[in-house]
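**Q** Okay, so here is coords_11.txt, and as you'll see once you scroll down, it has compact mmCIF, C-alpha atoms.
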```txt
# COMPACT_ATOMS: atom_id res chain seq x y z
CA MET Z 14 22.12 2.01 -9.60
CA TYR Z 15 20.23 0.44 -6.73
CA ARG Z 16 21.80 -2.93 -7.49
CA ILE Z 17 25.19 -1.36 -6.77
CA ALA Z 18 23.88 0.44 -3.68
CA ARG Z 19 22.23 -2.75 -2.45
CA ALA Z 20 25.46 -4.69 -2.82
CA LEU Z 21 27.19 -2.12 -0.62
CA LEU Z 22 24.34 -2.00 1.89
CA PHE Z 23 24.29 -5.79 2.12
CA LEU Z 24 27.92 -5.66 3.30
CA LEU Z 25 26.49 -4.15 6.49
CA SER Z 26 24.41 -6.05 9.00
CA ALA Z 27 20.73 -6.02 8.09
CA GLU Z 28 19.75 -3.73 10.94
CA ARG Z 29 22.61 -1.30 10.37
CA ALA Z 30 21.72 -1.08 6.67
CA HIS Z 31 18.10 -0.45 7.62
CA ARG Z 32 19.13 2.32 9.98
CA LEU Z 33 21.26 3.96 7.27
CA GLY Z 34 18.43 3.75 4.76
CA MET Z 35 15.97 5.34 7.16
CA THR Z 36 18.41 8.15 7.91
CA LEU Z 37 18.79 8.93 4.22
CA LEU Z 38 15.02 8.89 3.70
CA ARG Z 39 14.53 11.17 6.70
CA TRP Z 40 17.02 13.67 5.30
CA PHE Z 41 15.44 13.50 1.85
CA GLY Z 42 12.07 14.23 3.44
CA HIS Z 43 13.43 17.62 4.47
CA LEU Z 44 13.70 18.63 0.80
CA PRO Z 45 10.03 19.32 0.00
CA GLY Z 46 10.56 20.45 -3.58
CA MET Z 47 12.47 17.32 -4.51
CA CYS Z 48 9.95 15.12 -2.71
CA ARG Z 49 7.04 16.62 -4.59
CA GLY Z 50 8.85 16.36 -7.91
CA MET Z 51 9.86 12.75 -7.45
CA ARG Z 52 6.36 11.71 -6.41
CA ALA Z 53 4.82 13.55 -9.37
CA ARG Z 54 7.14 11.77 -11.81
CA THR Z 55 6.24 8.34 -10.42
CA LEU Z 56 2.50 8.95 -10.44
CA GLY Z 57 2.72 10.64 -13.83
CA SER Z 58 4.01 7.42 -15.36
CA VAL Z 59 0.62 5.72 -14.81
CA THR Z 60 -1.42 5.74 -18.02
CA TYR Z 61 -4.48 3.80 -16.79
CA ASP Z 62 -7.05 4.18 -14.02
CA ALA Z 63 -5.09 2.92 -11.02
CA SER Z 64 -7.09 4.60 -8.24
CA VAL Z 65 -8.72 2.51 -5.54
CA LYS Z 66 -10.84 3.20 -2.49
CA VAL Z 67 -10.27 1.17 0.66
CA ALA Z 68 -12.61 1.70 3.63
CA GLY Z 69 -13.13 5.29 2.56
CA LEU Z 70 -9.43 5.95 1.95
CA GLU Z 71 -8.72 7.38 -1.50
CA LEU Z 72 -5.52 5.86 -2.91
CA ALA Z 73 -3.90 6.98 -6.15
CA HIS Z 74 -2.96 3.37 -6.88
CA PRO Z 75 -2.88 0.04 -5.04
CA VAL Z 76 0.80 -0.09 -3.94
CA ALA Z 77 1.37 1.05 -0.35
CA LEU Z 78 4.12 0.57 2.23
CA ALA Z 79 3.65 -1.85 5.11
CA ALA Z 80 4.39 -1.17 8.75
CA GLY Z 81 7.77 -2.27 10.03
CA LEU Z 82 10.02 -0.12 7.87
CA ASP Z 83 9.35 3.30 9.42
CA LYS Z 84 8.69 2.30 13.00
CA GLU Z 85 9.03 5.85 14.38
CA ALA Z 86 7.18 7.87 11.70
CA GLU Z 87 10.47 9.63 11.04
CA ALA Z 88 10.75 9.23 7.25
CA VAL Z 89 7.14 9.45 6.04
CA ASP Z 90 7.74 12.29 3.58
CA GLY Z 91 10.80 10.61 2.07
CA LEU Z 92 8.83 7.41 1.59
CA LEU Z 93 5.83 9.18 0.06
CA ALA Z 94 8.24 10.83 -2.37
CA LEU Z 95 8.98 7.37 -3.76
CA GLY Z 96 5.37 7.13 -4.90
CA PHE Z 97 3.67 4.88 -2.34
CA SER Z 98 -0.09 5.39 -2.29
CA ALA Z 99 -0.06 5.19 1.52
CA VAL Z 100 2.52 4.67 4.26
CA GLU Z 101 1.90 2.75 7.47
CA VAL Z 102 4.12 3.53 10.45
CA GLY Z 103 4.88 1.41 13.52
CA THR Z 104 4.26 -0.91 15.18
CA LEU Z 105 4.08 1.61 18.04
CA THR Z 106 3.56 0.93 21.73
CA PRO Z 107 2.47 3.31 24.49
CA ARG Z 108 5.88 3.29 26.19
CA PRO Z 109 9.33 3.14 24.59
CA GLN Z 110 10.94 -0.28 24.49
CA PRO Z 111 14.25 -1.55 23.07
CA GLY Z 112 12.86 -4.70 21.48
CA ASN Z 113 14.62 -8.05 21.46
CA PRO Z 114 18.40 -8.52 21.75
CA LYS Z 115 20.51 -8.17 18.59
CA PRO Z 116 21.03 -9.70 16.10
CA ARG Z 117 17.33 -9.80 15.31
CA LEU Z 118 17.08 -9.16 11.56
CA PHE Z 119 18.42 -11.60 8.97
CA ARG Z 120 18.52 -11.51 5.17
CA ILE Z 121 18.15 -14.65 3.08
CA PRO Z 122 18.80 -13.38 -0.48
CA GLU Z 123 18.65 -16.87 -2.01
CA HIS Z 124 14.97 -16.96 -1.13
CA ARG Z 125 14.27 -13.19 -1.35
CA ALA Z 126 13.29 -13.30 2.31
CA LEU Z 127 13.88 -11.75 5.70
CA ILE Z 128 13.53 -13.13 9.20
CA ASN Z 129 12.95 -10.61 11.96
CA ARG Z 130 12.36 -10.80 15.68
CA MET Z 131 12.56 -7.07 16.33
CA GLY Z 132 9.99 -7.17 19.13
CA PHE Z 133 8.19 -3.84 18.58
CA ASN Z 134 11.34 -1.78 19.17
CA ASN Z 135 10.29 1.88 19.16
CA HIS Z 136 10.60 5.13 21.09
CA GLY Z 137 6.95 5.13 22.07
CA ALA Z 138 3.72 6.57 20.75
CA ALA Z 139 4.38 10.10 22.03
CA ASN Z 140 7.65 10.34 20.10
CA ALA Z 141 5.99 9.19 16.87
CA ALA Z 142 3.16 11.63 17.47
CA GLU Z 143 5.68 14.49 17.52
CA HIS Z 144 7.01 13.39 14.14
CA LEU Z 145 3.52 13.15 12.64
CA ARG Z 146 2.53 16.52 14.10
CA ALA Z 147 5.54 18.19 12.49
CA ARG Z 148 4.55 17.16 8.97
CA SER Z 149 3.04 19.72 6.58
CA TRP Z 150 2.90 17.72 3.33
CA HIS Z 151 -0.01 15.30 3.12
CA PRO Z 152 -0.22 13.82 -0.40
CA ALA Z 153 -1.53 10.41 0.70
CA PRO Z 154 -2.93 8.56 3.71
CA VAL Z 155 -0.65 7.64 6.61
CA GLY Z 156 -1.69 4.79 8.88
CA VAL Z 157 -0.62 4.09 12.45
CA ASN Z 158 -0.01 0.49 13.46
CA ILE Z 159 -0.37 -0.10 17.20
CA GLY Z 160 0.52 -2.87 19.65
CA LYS Z 161 1.15 -3.58 23.29
CA ASN Z 162 4.33 -3.31 25.33
CA LYS Z 163 6.11 -6.58 25.96
CA ASP Z 164 5.84 -6.27 29.76
CA THR Z 165 2.11 -5.51 29.70
CA PRO Z 166 0.17 -8.62 30.81
CA LEU Z 167 -2.11 -10.02 28.15
CA GLU Z 168 -5.17 -9.38 30.31
CA ARG Z 169 -4.32 -5.66 30.24
CA ALA Z 170 -3.43 -5.49 26.54
CA VAL Z 171 -6.57 -3.49 25.77
CA ASP Z 172 -5.22 -0.64 27.91
CA ASP Z 173 -2.12 -0.36 25.73
CA TYR Z 174 -4.05 -0.34 22.46
CA VAL Z 175 -6.47 2.26 23.74
CA ALA Z 176 -3.59 4.44 24.98
CA CYS Z 177 -2.05 4.32 21.50
CA VAL Z 178 -5.37 5.32 19.96
CA ASP Z 179 -5.51 8.36 22.26
CA THR Z 180 -2.02 9.48 21.25
CA LEU Z 181 -1.86 8.59 17.57
CA ALA Z 182 -5.31 8.24 16.02
CA PRO Z 183 -5.96 11.99 15.66
CA LEU Z 184 -2.70 12.28 13.67
CA GLY Z 185 -3.13 9.32 11.31
CA ASP Z 186 -5.58 8.62 8.52
CA TYR Z 187 -6.31 5.08 9.69
CA VAL Z 188 -5.45 2.80 12.60
CA VAL Z 189 -4.25 -0.81 12.51
CA VAL Z 190 -4.47 -3.18 15.47
CA ASN Z 191 -1.48 -5.52 15.32
CA ALA Z 192 -2.44 -8.68 17.19
CA SER Z 193 -0.45 -11.02 14.96
CA SER Z 194 3.26 -10.38 15.42
CA PRO Z 195 5.10 -13.57 16.42
CA ASN Z 196 7.76 -11.57 18.27
CA THR Z 197 5.81 -10.44 21.34
CA PRO Z 198 5.13 -13.41 23.63
CA GLY Z 199 1.46 -14.38 23.73
CA LEU Z 200 0.32 -11.62 21.39
CA ARG Z 201 -1.27 -13.96 18.85
CA LYS Z 202 -3.63 -15.25 21.52
CA LEU Z 203 -5.46 -11.96 21.02
CA GLN Z 204 -6.69 -13.34 17.68
CA GLU Z 205 -8.87 -15.87 19.50
CA PRO Z 206 -12.54 -14.87 19.04
CA GLU Z 207 -13.44 -13.91 22.62
CA GLN Z 208 -10.30 -11.86 23.28
CA LEU Z 209 -10.34 -10.36 19.79
CA THR Z 210 -13.95 -9.23 20.19
CA ALA Z 211 -13.19 -7.49 23.48
CA LEU Z 212 -10.09 -5.83 22.04
CA LEU Z 213 -11.70 -4.58 18.83
CA ARG Z 214 -14.81 -3.26 20.56
CA ALA Z 215 -12.72 -1.32 23.08
CA VAL Z 216 -10.46 0.14 20.41
CA LYS Z 217 -13.34 1.00 18.09
CA GLU Z 218 -15.26 2.69 20.90
CA ARG Z 219 -12.25 4.83 21.85
CA LEU Z 220 -11.49 5.62 18.22
CA SER Z 221 -15.05 6.83 17.69
CA ARG Z 222 -14.49 9.34 20.49
CA VAL Z 223 -10.98 10.65 19.76
CA ALA Z 224 -10.93 10.40 15.95
CA PRO Z 225 -14.46 9.75 14.66
CA GLY Z 226 -14.75 8.45 11.13
CA LYS Z 227 -11.22 7.13 10.82
CA PRO Z 228 -11.02 3.53 9.55
CA LEU Z 229 -9.91 0.72 11.85
CA PHE Z 230 -8.11 -2.32 10.46
CA LEU Z 231 -6.88 -5.55 12.01
CA LYS Z 232 -3.61 -7.15 10.87
CA ILE Z 233 -3.80 -10.93 10.96
CA ALA Z 234 -1.33 -13.80 10.74
CA PRO Z 235 -0.78 -16.04 7.71
CA ASP Z 236 -0.57 -19.08 9.99
CA LEU Z 237 -4.27 -19.16 10.84
CA THR Z 238 -6.20 -22.24 9.77
CA PRO Z 239 -8.97 -21.63 7.22
CA GLU Z 240 -11.51 -22.05 10.02
CA ALA Z 241 -9.66 -19.52 12.17
CA VAL Z 242 -9.69 -17.05 9.27
CA ASP Z 243 -13.46 -17.49 9.11
CA GLU Z 244 -13.72 -16.76 12.86
CA VAL Z 245 -11.61 -13.61 12.54
CA VAL Z 246 -13.69 -12.37 9.61
CA ASP Z 247 -16.90 -13.03 11.53
CA VAL Z 248 -15.60 -11.12 14.57
CA ALA Z 249 -14.41 -8.25 12.38
CA LEU Z 250 -17.82 -7.94 10.73
CA ALA Z 251 -19.65 -8.21 14.05
CA CYS Z 252 -17.48 -5.48 15.56
CA GLY Z 253 -17.94 -3.16 12.60
CA LEU Z 254 -14.29 -3.24 11.60
CA ASP Z 255 -13.38 -1.37 8.41
CA GLY Z 256 -10.99 -3.95 6.99
CA LEU Z 257 -8.26 -6.54 7.42
CA ILE Z 258 -4.58 -6.42 6.56
CA ALA Z 259 -3.56 -9.88 5.43
CA THR Z 260 -0.98 -10.82 6.46
CA ASN Z 261 1.81 -10.42 9.00
CA THR Z 262 5.02 -12.48 8.96
CA THR Z 263 4.88 -16.26 9.24
CA ILE Z 264 6.48 -18.62 11.73
CA ALA Z 265 6.64 -21.33 9.05
CA ARG Z 266 9.94 -22.22 7.38
CA PRO Z 267 9.13 -23.60 3.92
CA PHE Z 268 12.79 -24.04 2.94
CA GLU Z 269 16.09 -25.25 4.31
CA HIS Z 270 18.75 -22.67 5.09
CA PRO Z 271 21.27 -22.13 7.90
CA LEU Z 272 19.27 -19.07 9.03
CA ALA Z 273 15.93 -20.89 8.95
CA LYS Z 274 16.48 -21.95 12.55
CA GLU Z 275 16.45 -18.33 13.70
CA ALA Z 276 13.35 -17.42 15.69
CA GLY Z 277 11.08 -14.70 14.36
CA GLY Z 278 8.72 -13.91 11.53
CA LEU Z 279 9.56 -14.78 7.95
CA SER Z 280 8.63 -12.32 5.20
CA GLY Z 281 9.30 -12.03 1.51
CA ALA Z 282 8.74 -14.36 -1.42
CA PRO Z 283 8.05 -17.50 0.68
CA ALA Z 284 5.15 -15.68 2.36
CA ARG Z 285 3.39 -14.89 -0.92
CA GLU Z 286 1.14 -17.91 -1.26
CA PRO Z 287 0.24 -18.25 2.46
CA ALA Z 288 -0.86 -14.60 2.39
CA ASN Z 289 -2.82 -15.14 -0.82
CA ALA Z 290 -4.60 -18.12 0.70
CA VAL Z 291 -5.74 -16.00 3.66
CA ILE Z 292 -6.86 -13.22 1.31
CA ARG Z 293 -8.92 -15.63 -0.75
CA ARG Z 294 -10.51 -17.19 2.30
CA ALA Z 295 -11.28 -13.85 3.98
CA PHE Z 296 -12.79 -12.40 0.80
CA ALA Z 297 -14.95 -15.47 0.28
CA ARG Z 298 -16.08 -15.57 3.91
CA SER Z 299 -17.12 -11.91 3.90
CA GLY Z 300 -18.56 -12.04 0.41
CA GLY Z 301 -16.34 -9.10 -0.43
CA ALA Z 302 -17.98 -6.97 2.26
CA LEU Z 303 -14.79 -6.55 4.29
CA PRO Z 304 -12.03 -4.56 2.54
CA LEU Z 305 -8.66 -6.32 2.44
CA ILE Z 306 -5.12 -5.03 2.10
CA GLY Z 307 -2.79 -7.79 0.95
CA VAL Z 308 0.76 -8.15 2.25
CA GLY Z 309 3.34 -10.85 1.68
CA GLY Z 310 5.81 -11.60 -1.08
CA VAL Z 311 5.11 -8.65 -3.39
CA PHE Z 312 8.08 -8.22 -5.73
CA THR Z 313 6.54 -7.93 -9.20
CA ALA Z 314 3.48 -6.52 -10.94
CA GLU Z 315 2.25 -10.11 -11.27
CA ASP Z 316 2.38 -10.41 -7.46
CA VAL Z 317 0.27 -7.25 -7.11
CA TYR Z 318 -2.22 -8.46 -9.70
CA GLU Z 319 -2.53 -11.87 -8.06
CA LYS Z 320 -3.48 -10.31 -4.73
CA LEU Z 321 -5.98 -7.97 -6.36
CA ARG Z 322 -7.70 -10.83 -8.15
CA ALA Z 323 -7.69 -12.84 -4.90
CA GLY Z 324 -9.69 -10.06 -3.22
CA ALA Z 325 -7.29 -7.40 -1.96
CA SER Z 326 -8.24 -3.81 -2.72
CA ALA Z 327 -4.62 -2.72 -2.28
CA VAL Z 328 -1.28 -4.27 -1.40
CA GLN Z 329 1.56 -3.34 0.90
CA VAL Z 330 5.25 -4.02 0.36
CA TYR Z 331 8.13 -4.31 2.79
CA THR Z 332 10.66 -7.07 2.06
CA GLY Z 333 10.27 -6.56 -1.69
CA PHE Z 334 11.17 -2.90 -1.21
CA ILE Z 335 14.36 -3.88 0.63
CA TYR Z 336 15.44 -6.04 -2.29
CA GLU Z 337 14.04 -3.99 -5.19
CA GLY Z 338 14.81 -0.43 -4.05
CA PRO Z 339 13.38 3.07 -4.54
CA GLY Z 340 12.19 2.53 -8.12
CA MET Z 341 9.97 -0.36 -7.10
CA VAL Z 342 6.66 1.51 -7.07
CA ARG Z 343 7.10 2.84 -10.58
CA ARG Z 344 8.10 -0.59 -11.93
CA LEU Z 345 5.09 -2.24 -10.31
CA LEU Z 346 2.67 0.32 -11.68
CA GLU Z 347 4.14 0.19 -15.18
CA GLY Z 348 3.87 -3.59 -15.17
CA LEU Z 349 0.34 -3.68 -13.80
CA GLY Z 350 -1.24 -1.80 -16.70
CA PRO Z 351 -0.56 -4.47 -19.36
CA LEU Z 352 -1.86 -7.22 -17.03
CA LEU Z 353 -5.14 -5.36 -16.58
CA ALA Z 354 -5.46 -4.70 -20.30
CA ARG Z 355 -4.71 -8.34 -21.13
CA ASP Z 356 -7.71 -9.46 -19.12
CA GLY Z 357 -10.02 -6.72 -20.33
CA PHE Z 358 -10.04 -4.58 -17.19
CA ARG Z 359 -10.25 -0.84 -17.65
CA SER Z 360 -9.26 -0.05 -14.07
CA VAL Z 361 -7.63 -1.60 -11.04
CA ARG Z 362 -11.02 -1.57 -9.29
CA GLU Z 363 -12.49 -3.97 -11.86
CA ALA Z 364 -9.80 -6.58 -11.07
CA ILE Z 365 -10.46 -6.72 -7.32
CA GLY Z 366 -11.87 -10.11 -6.41
CA ALA Z 367 -11.98 -11.25 -10.04
CA ASP Z 368 -11.00 -14.80 -9.14
CA HIS Z 369 -14.19 -15.16 -7.13
CA ARG Z 370 -16.53 -14.16 -9.92
CA VAL Z 371 -18.09 -16.77 -12.19
CA PRO Z 372 -16.95 -16.05 -15.76
CA PRO Z 373 -19.66 -15.46 -18.35
CA PRO Z 374 -20.41 -18.39 -20.70
CA SER Z 375 -18.49 -16.70 -23.51
CA ALA Z 376 -15.36 -16.87 -21.36
CA VAL Z 377 -15.52 -20.65 -20.91
CA PRO Z 378 -12.81 -22.29 -23.04
CA GLU Z 379 -14.15 -24.19 -26.02
CA ARG Z 380 -12.75 -27.47 -24.74
CA GLU Z 381 -14.78 -27.02 -21.53
CA ALA Z 382 -17.96 -26.10 -23.37
CA ALA Z 383 -17.57 -29.09 -25.68
CA ARG Z 384 -17.52 -31.62 -22.86
CA PRO Z 385 -20.59 -33.91 -22.84
CA GLN Z 386 -23.01 -33.08 -20.05
CA ALA Z 387 -23.73 -35.71 -17.40
```
Take the structure in the file and write it out as structure tokens.
**A**
Amino acid sequence: MYRIARALLFLLSAERAHRLGMTLLRWFGHLPGMCRGMRARTLGSVTYDASVKVAGLELAHPVALAAGLDKEAEAVDGLLALGFSAVEVGTLTPRPQPGNPKPRLFRIPEHRALINRMGFNNHGAANAAEHLRARSWHPAPVGVNIGKNKDTPLERAVDDYVACVDTLAPLGDYVVVNASSPNTPGLRKLQEPEQLTALLRAVKERLSRVAPGKPLFLKIAPDLTPEAVDEVVDVALACGLDGLIATNTTIARPFEHPLAKEAGGLSGAPAREPANAVIRRAFARSGGALPLIGVGGVFTAEDVYEKLRAGASAVQVYTGFIYEGPGMVRRLLEGLGPLLARDGFRSVREAIGADHRVPPPSAVPEREAARPQA
């Protein structure tokens, strides 16, 4: 049914279709009985141990929703009804801002991709806080993703992040510092070690006062060099960060298409491997000590499994959800079980970081074991 609905939605502009989808999810969220029933049916389809723990957050399974879809925290209950193990809202800024001029969201179905240059369009942190405060159903964690206003000078960016923490942190289950969007001029400079250290320490200090014990994550770009990933991991560990979200959209264009010239961040299938490379590098650099949430190109259960084995403790979806529809979570979870069983894992937790572990001698293929030793 979603294939038919998607065909109709794709007749609309990408942003208008997004707006319609969010409206429907917001309305559905006002039907608590149906929301609870739908979520129970999705989670009830899992026949293996899918639970994971990320920086103290208890998740029923590893498939969560990334920031960017519900920018205003207006449709959280409708989204949780679809079975996501967590929902991240935002990116939110202290003051309302319209974002970049339209058009600013482009579909590329041939490559299962999106390009967006939304520019942190939102009605401000206070408006989102009202939506979060009005909720009474809390079946899973809700994260708040925060950024700075476009007209705030970079040297005062810390003030914006701290203001968002004051307004939103008490109402969310975790906080994410977004310093990696390509659509706010200069924002990615905040990932440089000196500026990143100052930002994270200020945010963590304020978070410890207004919402003690709540995890703090940093969302990073997929375009960092391996050495830059190492620097970010080192800063995160030194600042006592609770985890990384890897990754945001990419400015790379790994294919030719008439829309490829559009400015903005690319997401979807082409972002899968760049995100996986960052996950692998970050996991290796931290020795698995820094929890990771993987984002980028998740469409299938194999995509989820790949990120788990690379070192992610959970994954987030966004573009895949646009293309795959409301039944996506259930399909991913049903497909993940056989992959785990195939490799001898009894739970999702056992698969996390598996690619970094040296296999026991019995697991070495015979042709490898038979090779003459030097």
**Q** What are the centre and edge lengths in Å, to one decimal, of the axis-aligned box around all listed atoms of range 314-328 of chain Z with 4 Å added on each side, as JSON?
**A**
```
{"center_x": -3.1, "center_y": -7.8, "center_z": -6.3, "size_x": 21.2, "size_y": 18.1, "size_z": 17.9}
```
**Q** Considering all atoms listed in the file, return as a ChimeraX atom specification whatever protein or nucleic-acid residues lie within 9 Å of range 35-49 of chain Z, sequence-local ones (same chain, fewer than 3 positions apart) excluded.
**A** /Z:30-32,52-54,82-83,87-95,150,152
**Q** For range 245-308 of chain Z versus range 60-68 of chain Z, which residues have an atom no more than 8 Å away, and what is each residue's nearest atom pair and distance in Å rounded to one decimal, using all atoms listed in the file, chain-then-number order, as a tab-separated table?
**A**
```
residue	atom	partner	partner_atom	distance
Z:Asp255	CA	Z:Ala68	CA	5.7
Z:Gly256	CA	Z:Ala68	CA	6.8
Z:Pro304	CA	Z:Val67	CA	6.3
Z:Leu305	CA	Z:Val67	CA	7.9
```
**Q** Restrict the selected residues to C-alpha atoms and save them as a CSV table (one decimal), in the frame of the given file.
**A**
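File written: again-v6.csv
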```
chain,number,residue,atom,x,y,z
Z,255,ASP,CA,-13.4,-1.4,8.4
Z,256,GLY,CA,-11.0,-4.0,7.0
Z,304,PRO,CA,-12.0,-4.6,2.5
Z,305,LEU,CA,-8.7,-6.3,2.4
```
**Q** Could you list, as a ChimeraX atom specification, every residue within 12 Å of Met131 in chain Z, counting all atoms listed in the file and ignoring same-chain residues fewer than 3 positions away?
**A** /Z:27-28,81-82,84,103-104,110-119,127-128,134-135,163,194-197,262,276-279
**Q** What is the distance between CA of Leu353 in chain Z and CA of Ser98 in chain Z, in Å to one decimal?
**A**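 Between CA of Leu353 in chain Z and CA of Ser98 in chain Z the gap is 18.6 Å.
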